[in-house]
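Structure first, commentary second.
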Amino acid sequence: MLYYLFEFLQEYNFPGSRLMSYITFRSGAALLLSLFIALVFGRKIIDRLQLMQVGEIIRDLGLEGQMQKTGTPTMGGVIIIISILVPCLLVGDLSNIYMLLMIISTIWLGSLGFCDDYIKVAKHDKEGMKGKFKIIGQVGLGLIVGLTMYFSPDITQREVIPVESTENNVESVYISDSHDVKSTQTTIPFVKDNNFDYAYLTQWMGPYAQAGGWIVFVIVVIVVVAATSNGANLTDGLDGLCAGTSAIICVALAIMAYLGGNVIYSTYLNIMYIPQSSELVVFMSAFIGALIGFLWYNAYPAQVFMGDTGSLTIGGIIAVFAILIHKELLIPILCAIFFVEDLSVMLQVAYFKYTKKKYGQGRRIFKMTPLHHHYQKPGNSGIEALIQAPLRAIPESKIVTRFWIVGIFLAVITFVTLKIR
């Protein structure tokens with residue numbers, strides 16, 4: 001809203017009215033505003049949740065300090081969602097297709113997570129919404145994003161073309177083609193020019209190869225949204241773990257979006273230029289501010305839990321954002337923590353079922369899953385597991401801090417892989 005007000009004031013040369021035309025200013029304003037909302041109104045929301053007795057249902061898993069969390073307000077993801085949407089509505093360009101898709105994704109997955117949390121609280125059912133309904137919601141969002149990117153004329157790419165310099169045999173320079181095109185190209189690490197076209201996989205379709213490439217792309221979008229959203233959901237098991245890890249991921253994605261949305265930087269660095277995508281930096285700045293503000297209350301010992309309202313939304317936002325800037329194939333590196341948490345659960349369940357069928361008694365790989373709980377259990381504590389290390393239980397706050405450090409390392413590695421070609 002303020003964006004359009006300042007745009008109107010520019011016509012009358014109102015002092016300072018041009019500030020809103022700068023992505024950096026609006027991004028900074030969005031971050032500060034979201035942080036303020038999360039800190040100030042977050043406290044009021046937590047108090048309200050306590051009055052409504054919206055407390056977390058805790059199962060006794062034998063973890064130190066676990067039962068002390070019983071009754072801690074959940075559904076705190078509402079704080080994150082409000083802190084994102086208000087700044088975006090105030091300082092964002094709501095005519096920008098990228099901003100609209102991010103707002104839709106936030107509301108879509110926020111509603112899905114809210115329904116899940118409501119079932120848990122209202123019916124005192126720890127399982128919440130059935131998994132198939134979550135998957136249907138995630139697939140639905142994947143289809144919306146993928147098909148919009150295919151049909152919308154506002155979502156394009158501009159090719160960066162290498163040109164050999166003729167002066168003193170210096171290395172190649174790059175120029176940006178002036179034509180915006182629809183393309184199924186995306187960014188991958190370790191190869192020259194860092195580009196991969198999904199249409200390469202459907203060349204056998206002849207004249208329909210490009211259409212086939214878009215079909216593959218939409219399928220990839222659905223898989224990425226579902227996997228990342230569920231990964232963030234599983235990571236939300238310790239105080240501050242999901243919020244802190246996600247904030248680190250979001251800073252890396254914001255930098256990528258800023259560089260890829262600026263024709264000068266993208267041309268100089270030889271990375272994919274995506275016209276109009278710089279508006280995503282405003283959204284991501286609001287998201288980062290919301291996560292940091294929420295972390296103020298969610299850090300150990302947590303005063304509020306985000307619940308599925310927050311975790312499903314966080315994972316979905318990260319996935320959709322990476323897809324819109326064509327960095328979805330970098331997610332396995334950048335969001336490796338999410339996927340390792342996912343993988344630990346899948347391996348544990350598969351191995352347990354396999355050994356139960358073969359030996360009559362199920363066996364475990366980890367002491368407990370998701371993986372972060374494995375470190376909370378001491379080794380040789382009566383749980384038969386292939387991996388007993390560490391033998392001593394690690395305090396919750398130390399596990400969270402170490403996961404943050406790993407997250408920073410993965411963010412750096414993600415950028416480094418783009419230069420190792």
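Within each chain, counting starts at residue 1; across the structure tokens, chains are named A, B, ... in the order shown, with ligands numbered 1 upward in that order.
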Exercise: Gln376 (chain A) partners within 6 Å, only C-alpha atoms, chain neighbours under 2 positions left out, as a PyMOL selection string: chain A and resi 373-374+393-394
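Near Asn195 (chain A), within 7 Å and counting only C-alpha atoms, sit Gln185, Thr186, Thr187 and Ile188 of chain A; same-chain residues fewer than 4 positions away were not included.
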Any chance you could export the current selection's N, CA, C and O atoms as a compact mmCIF listing (two decimals), in the first residue's frame?
# COMPACT_ATOMS: atom_id res chain seq x y z
N GLN A 185 15.15 -23.72 -18.29
CA GLN A 185 16.52 -23.79 -17.75
C GLN A 185 16.52 -23.54 -16.25
O GLN A 185 15.71 -22.79 -15.72
N THR A 186 17.45 -24.19 -15.58
CA THR A 186 17.63 -23.97 -14.15
C THR A 186 19.12 -24.00 -13.83
O THR A 186 19.94 -24.30 -14.70
N THR A 187 19.47 -23.70 -12.60
CA THR A 187 20.87 -23.61 -12.19
C THR A 187 21.31 -24.90 -11.52
O THR A 187 20.59 -25.44 -10.67
N ILE A 188 22.47 -25.40 -11.93
CA ILE A 188 23.07 -26.57 -11.28
C ILE A 188 24.53 -26.27 -10.98
O ILE A 188 25.15 -25.42 -11.63
Region 299-325 of chain A residues near region 80-97 of chain A within 12 Å, closest pair each, using only C-alpha atoms, as JSON lines:
{"residue": "A:Val304", "atom": "CA", "partner": "A:Ile80", "partner_atom": "CA", "distance": 11.8}
{"residue": "A:Phe305", "atom": "CA", "partner": "A:Ile80", "partner_atom": "CA", "distance": 11.2}
{"residue": "A:Met306", "atom": "CA", "partner": "A:Ile80", "partner_atom": "CA", "distance": 8.3}
{"residue": "A:Gly307", "atom": "CA", "partner": "A:Ile80", "partner_atom": "CA", "distance": 11.1}
{"residue": "A:Asp308", "atom": "CA", "partner": "A:Ile80", "partner_atom": "CA", "distance": 11.8}
{"residue": "A:Thr309", "atom": "CA", "partner": "A:Ile81", "partner_atom": "CA", "distance": 8.6}
{"residue": "A:Gly310", "atom": "CA", "partner": "A:Ile80", "partner_atom": "CA", "distance": 6.8}
{"residue": "A:Ser311", "atom": "CA", "partner": "A:Ile80", "partner_atom": "CA", "distance": 9.9}
{"residue": "A:Leu312", "atom": "CA", "partner": "A:Ile81", "partner_atom": "CA", "distance": 11.3}
{"residue": "A:Thr313", "atom": "CA", "partner": "A:Ile81", "partner_atom": "CA", "distance": 8.1}
{"residue": "A:Ile314", "atom": "CA", "partner": "A:Ile80", "partner_atom": "CA", "distance": 8.8}
{"residue": "A:Ile317", "atom": "CA", "partner": "A:Ile81", "partner_atom": "CA", "distance": 10.7}
{"residue": "A:Leu324", "atom": "CA", "partner": "A:Ile97", "partner_atom": "CA", "distance": 10.2}
Please, could you write that set of residues out with N, CA, C and O atoms as a short mmCIF file (atom, residue, chain, number, x, y, z; two decimals), in the first residue's frame?
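Result file follows (selection-v2.cif):
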data_model
loop_
_atom_site.label_atom_id
_atom_site.label_comp_id
_atom_site.auth_asym_id
_atom_site.auth_seq_id
_atom_site.Cartn_x
_atom_site.Cartn_y
_atom_site.Cartn_z
N VAL A 304 7.08 -20.40 22.99
CA VAL A 304 6.04 -20.74 22.02
C VAL A 304 6.65 -21.67 20.97
O VAL A 304 7.84 -21.58 20.67
N PHE A 305 5.84 -22.57 20.46
CA PHE A 305 6.23 -23.44 19.36
C PHE A 305 5.52 -22.99 18.09
O PHE A 305 4.39 -22.51 18.14
N MET A 306 6.19 -23.16 16.94
CA MET A 306 5.57 -22.71 15.68
C MET A 306 4.49 -23.67 15.21
O MET A 306 3.57 -23.26 14.51
N GLY A 307 4.57 -24.94 15.59
CA GLY A 307 3.58 -25.90 15.13
C GLY A 307 3.68 -26.10 13.62
O GLY A 307 4.54 -25.54 12.94
N ASP A 308 2.78 -26.90 13.08
CA ASP A 308 2.75 -27.11 11.63
C ASP A 308 2.35 -25.84 10.90
O ASP A 308 2.67 -25.67 9.71
N THR A 309 1.66 -24.94 11.60
CA THR A 309 1.31 -23.65 11.00
C THR A 309 2.56 -22.94 10.52
O THR A 309 2.58 -22.30 9.46
N GLY A 310 3.62 -23.07 11.28
CA GLY A 310 4.87 -22.42 10.92
C GLY A 310 5.79 -23.29 10.09
O GLY A 310 6.31 -22.86 9.05
N SER A 311 5.99 -24.56 10.50
CA SER A 311 7.00 -25.39 9.85
C SER A 311 6.63 -25.75 8.41
O SER A 311 7.49 -25.70 7.51
N LEU A 312 5.37 -26.11 8.17
CA LEU A 312 4.96 -26.39 6.78
C LEU A 312 5.09 -25.15 5.91
O LEU A 312 5.49 -25.23 4.75
N THR A 313 4.75 -24.00 6.49
CA THR A 313 4.83 -22.73 5.74
C THR A 313 6.28 -22.38 5.43
O THR A 313 6.61 -21.99 4.30
N ILE A 314 7.15 -22.53 6.41
CA ILE A 314 8.57 -22.20 6.21
C ILE A 314 9.17 -23.04 5.10
O ILE A 314 9.82 -22.53 4.18
N ILE A 317 7.72 -22.04 1.68
CA ILE A 317 8.22 -20.75 1.21
C ILE A 317 9.62 -20.90 0.64
O ILE A 317 9.94 -20.38 -0.44
N LEU A 324 11.30 -20.20 -8.01
CA LEU A 324 11.07 -18.97 -8.77
C LEU A 324 12.37 -18.34 -9.26
O LEU A 324 12.38 -17.68 -10.31
#
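One distance worth recording is that between CA of Phe36 (chain A) and CA of Gly407 (chain A), which is 25.2 Å.
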Members of region 232-344 of chain A assigned helix (DSSP H, G or I) by DSSP, as JSON, numbers by chain: {"A": [232, 233, 234, 235, 241, 242, 243, 244, 245, 246, 247, 248, 249, 250, 251, 252, 253, 254, 255, 256, 257, 258, 259, 260, 263, 264, 265, 266, 267, 268, 269, 279, 280, 281, 282, 283, 284, 285, 286, 287, 288, 289, 290, 291, 292, 293, 294, 295, 296, 297, 298, 307, 308, 309, 310, 311, 312, 313, 314, 315, 316, 317, 318, 319, 320, 321, 322, 323, 324, 328, 329, 330, 331, 332, 333, 334, 336, 337, 338, 339, 340, 341, 342, 343, 344]}
Two-atom distance - CA of Thr267 (chain A), CA of Phe196 (chain A) (Å): 17.7 Å
Counting only C-alpha atoms, the residue of A:Gly316, A:Gly42, A:Gly206, A:Gly293 that sits nearest Gly140 (chain A):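 For Gly140 (chain A), the nearest of the candidates is A:Gly316.
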Contact residues around Met346 (chain A) with only C-alpha atoms at 12 Å, ignoring same-chain residues under 2 positions, as a list in words: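 Selected residues are Asn230, Gly231, Leu234, Phe339, Val340, Glu341, Asp342, Leu343, Ser344, Gln348, Val349, Ala350, Tyr351, Phe352, Lys353, Arg364, Ile365, Phe366, Thr369, Pro370 and Leu371 of chain A.
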Requested write-out: N, CA and C atoms of the selected residues, as a PDB file, in the first residue's frame:
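Done, and the output landed in part-v2.pdb:
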ATOM      1  N   ASN A 230       7.944 -30.899   4.129  1.00  0.00           N
ATOM      2  CA  ASN A 230       7.951 -31.975   5.116  1.00  0.00           C
ATOM      3  C   ASN A 230       9.265 -32.027   5.873  1.00  0.00           C
ATOM      4  N   GLY A 231      10.371 -31.689   5.192  1.00  0.00           N
ATOM      5  CA  GLY A 231      11.669 -31.663   5.863  1.00  0.00           C
ATOM      6  C   GLY A 231      11.734 -30.613   6.948  1.00  0.00           C
ATOM      7  N   LEU A 234       9.731 -31.836   9.966  1.00  0.00           N
ATOM      8  CA  LEU A 234      10.439 -32.791  10.809  1.00  0.00           C
ATOM      9  C   LEU A 234      11.568 -32.125  11.602  1.00  0.00           C
ATOM     10  N   PHE A 339      16.693 -32.402   4.503  1.00  0.00           N
ATOM     11  CA  PHE A 339      16.610 -33.673   3.811  1.00  0.00           C
ATOM     12  C   PHE A 339      17.245 -34.809   4.608  1.00  0.00           C
ATOM     13  N   VAL A 340      18.267 -34.503   5.388  1.00  0.00           N
ATOM     14  CA  VAL A 340      18.854 -35.521   6.261  1.00  0.00           C
ATOM     15  C   VAL A 340      17.851 -35.919   7.336  1.00  0.00           C
ATOM     16  N   GLU A 341      17.103 -34.944   7.851  1.00  0.00           N
ATOM     17  CA  GLU A 341      16.052 -35.246   8.826  1.00  0.00           C
ATOM     18  C   GLU A 341      14.995 -36.136   8.183  1.00  0.00           C
ATOM     19  N   ASP A 342      14.589 -35.781   6.964  1.00  0.00           N
ATOM     20  CA  ASP A 342      13.640 -36.603   6.202  1.00  0.00           C
ATOM     21  C   ASP A 342      14.174 -38.014   6.015  1.00  0.00           C
ATOM     22  N   LEU A 343      15.423 -38.098   5.560  1.00  0.00           N
ATOM     23  CA  LEU A 343      16.038 -39.387   5.226  1.00  0.00           C
ATOM     24  C   LEU A 343      16.191 -40.267   6.462  1.00  0.00           C
ATOM     25  N   SER A 344      16.517 -39.656   7.596  1.00  0.00           N
ATOM     26  CA  SER A 344      16.697 -40.435   8.817  1.00  0.00           C
ATOM     27  C   SER A 344      15.403 -41.154   9.206  1.00  0.00           C
ATOM     28  N   GLN A 348      14.905 -45.216   9.036  1.00  0.00           N
ATOM     29  CA  GLN A 348      14.538 -45.874  10.285  1.00  0.00           C
ATOM     30  C   GLN A 348      13.295 -46.745  10.108  1.00  0.00           C
ATOM     31  N   VAL A 349      12.280 -46.207   9.461  1.00  0.00           N
ATOM     32  CA  VAL A 349      11.028 -46.944   9.257  1.00  0.00           C
ATOM     33  C   VAL A 349      11.251 -48.145   8.340  1.00  0.00           C
ATOM     34  N   ALA A 350      11.991 -47.924   7.239  1.00  0.00           N
ATOM     35  CA  ALA A 350      12.230 -49.002   6.278  1.00  0.00           C
ATOM     36  C   ALA A 350      13.039 -50.132   6.913  1.00  0.00           C
ATOM     37  N   TYR A 351      14.075 -49.779   7.661  1.00  0.00           N
ATOM     38  CA  TYR A 351      14.930 -50.792   8.287  1.00  0.00           C
ATOM     39  C   TYR A 351      14.165 -51.548   9.372  1.00  0.00           C
ATOM     40  N   PHE A 352      13.331 -50.832  10.119  1.00  0.00           N
ATOM     41  CA  PHE A 352      12.545 -51.468  11.183  1.00  0.00           C
ATOM     42  C   PHE A 352      11.578 -52.494  10.584  1.00  0.00           C
ATOM     43  N   LYS A 353      10.894 -52.109   9.506  1.00  0.00           N
ATOM     44  CA  LYS A 353       9.949 -53.027   8.870  1.00  0.00           C
ATOM     45  C   LYS A 353      10.673 -54.225   8.260  1.00  0.00           C
ATOM     46  N   ARG A 364      16.651 -50.920  14.811  1.00  0.00           N
ATOM     47  CA  ARG A 364      16.789 -49.502  14.457  1.00  0.00           C
ATOM     48  C   ARG A 364      18.189 -49.190  13.960  1.00  0.00           C
ATOM     49  N   ILE A 365      18.268 -48.148  13.148  1.00  0.00           N
ATOM     50  CA  ILE A 365      19.569 -47.611  12.732  1.00  0.00           C
ATOM     51  C   ILE A 365      20.010 -46.548  13.725  1.00  0.00           C
ATOM     52  N   PHE A 366      19.108 -45.622  14.042  1.00  0.00           N
ATOM     53  CA  PHE A 366      19.382 -44.535  14.981  1.00  0.00           C
ATOM     54  C   PHE A 366      18.669 -44.812  16.308  1.00  0.00           C
ATOM     55  N   THR A 369      14.520 -41.025  15.863  1.00  0.00           N
ATOM     56  CA  THR A 369      14.405 -40.098  14.741  1.00  0.00           C
ATOM     57  C   THR A 369      13.218 -39.164  14.976  1.00  0.00           C
ATOM     58  N   PRO A 370      13.206 -37.982  14.311  1.00  0.00           N
ATOM     59  CA  PRO A 370      14.188 -37.424  13.395  1.00  0.00           C
ATOM     60  C   PRO A 370      15.585 -37.306  14.031  1.00  0.00           C
ATOM     61  N   LEU A 371      16.573 -37.081  13.196  1.00  0.00           N
ATOM     62  CA  LEU A 371      17.974 -37.213  13.579  1.00  0.00           C
ATOM     63  C   LEU A 371      18.355 -36.396  14.804  1.00  0.00           C
TER      64      LEU A 371
END
